[in-house]
Amino acid sequence: MGKIIVIHSYKGGTGKTLLAVNLAALYANQGKGVCLLDLDFRAPSLQAVFRVHNAEYWLNDYLNGVCEIKKTLRDFSQTHVRRGKLLVGFANPSTEAIREMTAKDRKWEMKALGRLLSLKTSLLNDMQLDFVIFDTSPGLQYSSINAIVSADVALVVSGMDISDIKGTQRMINELYDLFEKKTGLVMNKVFTEILQSKTHRADLAKQLLNSYNLPLIEMIPCFCDILREGGTKIFATENLEHPFIKILDRVATTIENL
Amino acid sequence: MTLPRRLEQSSASILQKIKESLDRLNEKMEVMIEIQKHGQHTPSQEGIPDVLDVMTLLSLPDHLRKTAVTLCKLDQATADEVAEQTKRARAVESGYLNQLVLMGYVKKERRGRKAYFYVDREREEKEANKTWEKS
């Protein structure tokens, strides 16, 4: 049975999408069947990464009950990965769609939760995929909490900023713990100087473990060359030797065993 | 068939019937206890919809949240099936499920001898599923 992984953070700009895209490509390049879904309906991103302008059906339509999940998925196995299968579902980036999604009521959100929960059957059981990866909106958005409840494993991404650390801490205590979710923490954009010194690295890991009480999956340094690419390149396919991908490889293995 | 064998069989079936009646009685008692504890709960007061969305799940006490999340995942289930997932006793889950029914978040339907609990996400959802199956 495959796994549904949700990638979430308290604040925006932590690197969720970068992690989600590369993790999806990395698993696919290992020969696995992967489906990546953009559940950030307030600020859709994946359509820009995969250069998709139009779609007959968006994930919005699936959650609205207009179509089944298969109709929203595009196959990038031939173009974006070396082997395996990579399917991607996009959120509608039009302002009108974003406005519509932010105005949904609780009853709609309850149905959306039902639809997200049923992906376990449609994607993992029926389509036999190995991984489904949810990219989400930051913070305590309805769509993100729905995604967290529907996932098997949650990856919380945090930066080193104090507001991020404090917010993430609260979010873990008041959200993740309540849903008893298997959760791991990824610290992103950590200063290289800290990671280079063994003592500093160990100190930080200890501090993080104390404040979050969560398994620390990885500390990823800030990579200027990745930032320079501006999200246009999928490193897990184009540059397998990049240190970021080496680190992500460890993340991928840890998630499998979580 | 010998007389003692027939007697054995009929007493087994009587015992089974008594057990089922006791189970049903037990469920009813649990509901009555909950009503006494909380009074007739009507969650739709003050215009708050009685929907089992994630915000409701978050606001539930821990013991009920576990049951409610499990039921959401199973779509519909008996107390036995929920208990299997939560690793808690069937009677405990039955009590919690009935409490959720009273709170208006969960529906209960009796089919034959089994009671099924489910989250009512409205019929239109099921109709939509049927249309997909056809197409």
# chains A, B, ... in the order shown; residues from 1 in each chain; ligands from 1
>>> interface_residues(of="chain A", to="chain B", cutoff="8 Å", atoms="only C-alpha atoms", output="list in words")
Gly65, Val66, Cys67, Glu68, Arg106, Lys107, Glu109, Met110, Lys111, Leu113, Gly114, Leu117, Tyr142, Ile145, Asn146, Val149, Ser150, Leu175, Leu178 and Phe179 of chain A
>>> write_last_selection(atoms="C-alpha atoms", output="JSON list (two decimals), in the first residue's frame")
[["chain", "number", "residue", "atom", "x", "y", "z"],
["A", 65, "GLY", "CA", -17.65, 17.10, -7.42],
["A", 66, "VAL", "CA", -17.59, 17.92, -11.15],
["A", 67, "CYS", "CA", -15.20, 15.18, -12.25],
["A", 68, "GLU", "CA", -13.23, 12.22, -11.00],
["A", 106, "ARG", "CA", -18.10, 24.61, 6.05],
["A", 107, "LYS", "CA", -20.41, 22.15, 4.39],
["A", 109, "GLU", "CA", -15.14, 21.89, 3.21],
["A", 110, "MET", "CA", -16.64, 18.78, 4.82],
["A", 111, "LYS", "CA", -17.36, 17.32, 1.38],
["A", 113, "LEU", "CA", -12.44, 16.37, 3.16],
["A", 114, "GLY", "CA", -14.45, 13.33, 2.04],
["A", 117, "LEU", "CA", -9.93, 10.98, 2.00],
["A", 142, "TYR", "CA", -9.13, 24.81, 5.67],
["A", 145, "ILE", "CA", -5.99, 20.97, 7.46],
["A", 146, "ASN", "CA", -8.14, 18.81, 5.16],
["A", 149, "VAL", "CA", -6.16, 14.83, 7.99],
["A", 150, "SER", "CA", -6.21, 12.89, 4.69],
["A", 175, "LEU", "CA", -3.01, 20.79, 15.20],
["A", 178, "LEU", "CA", -4.51, 16.55, 18.02],
["A", 179, "PHE", "CA", -4.76, 14.48, 14.85]]
>>> residues_around(residues="Glu238 (chain A)", least_positions_apart="6", cutoff="10 Å", atoms="only C-alpha atoms", output="PDB file with N, CA and C atoms, in the first residue's frame")
ATOM      1  N   HIS A  80       9.499  14.762 -17.746  1.00  0.00           N
ATOM      2  CA  HIS A  80      10.116  15.336 -16.552  1.00  0.00           C
ATOM      3  C   HIS A  80      10.851  14.356 -15.649  1.00  0.00           C
ATOM      4  N   VAL A  81      10.733  13.056 -15.914  1.00  0.00           N
ATOM      5  CA  VAL A  81      11.483  12.088 -15.106  1.00  0.00           C
ATOM      6  C   VAL A  81      12.127  11.045 -16.013  1.00  0.00           C
ATOM      7  N   ARG A  82      13.156  10.365 -15.482  1.00  0.00           N
ATOM      8  CA  ARG A  82      13.891   9.401 -16.318  1.00  0.00           C
ATOM      9  C   ARG A  82      13.217   8.042 -16.370  1.00  0.00           C
TER      10      ARG A  82
END
>>> atom_distance(atom1="CA of Lys19 (chain B)", atom2="CA of Glu109 (chain B)")
20.1 Å
>>> residues_around(residues="Lys114 (chain B)", least_positions_apart="6", cutoff="12 Å", atoms="only C-alpha atoms", output="PyMOL selection string")
chain B and resi 20-21+23-24+27+77-81+94+108
>>> residues_around(residues="Glu218 (chain A)", least_positions_apart="4", cutoff="8 Å", atoms="only C-alpha atoms", output="NGL selection string")
:A and (185-187 or 247 or 251)
>>> atom_distance(atom1="CA of His242 (chain A)", atom2="CA of Cys224 (chain A)")
12.3 Å
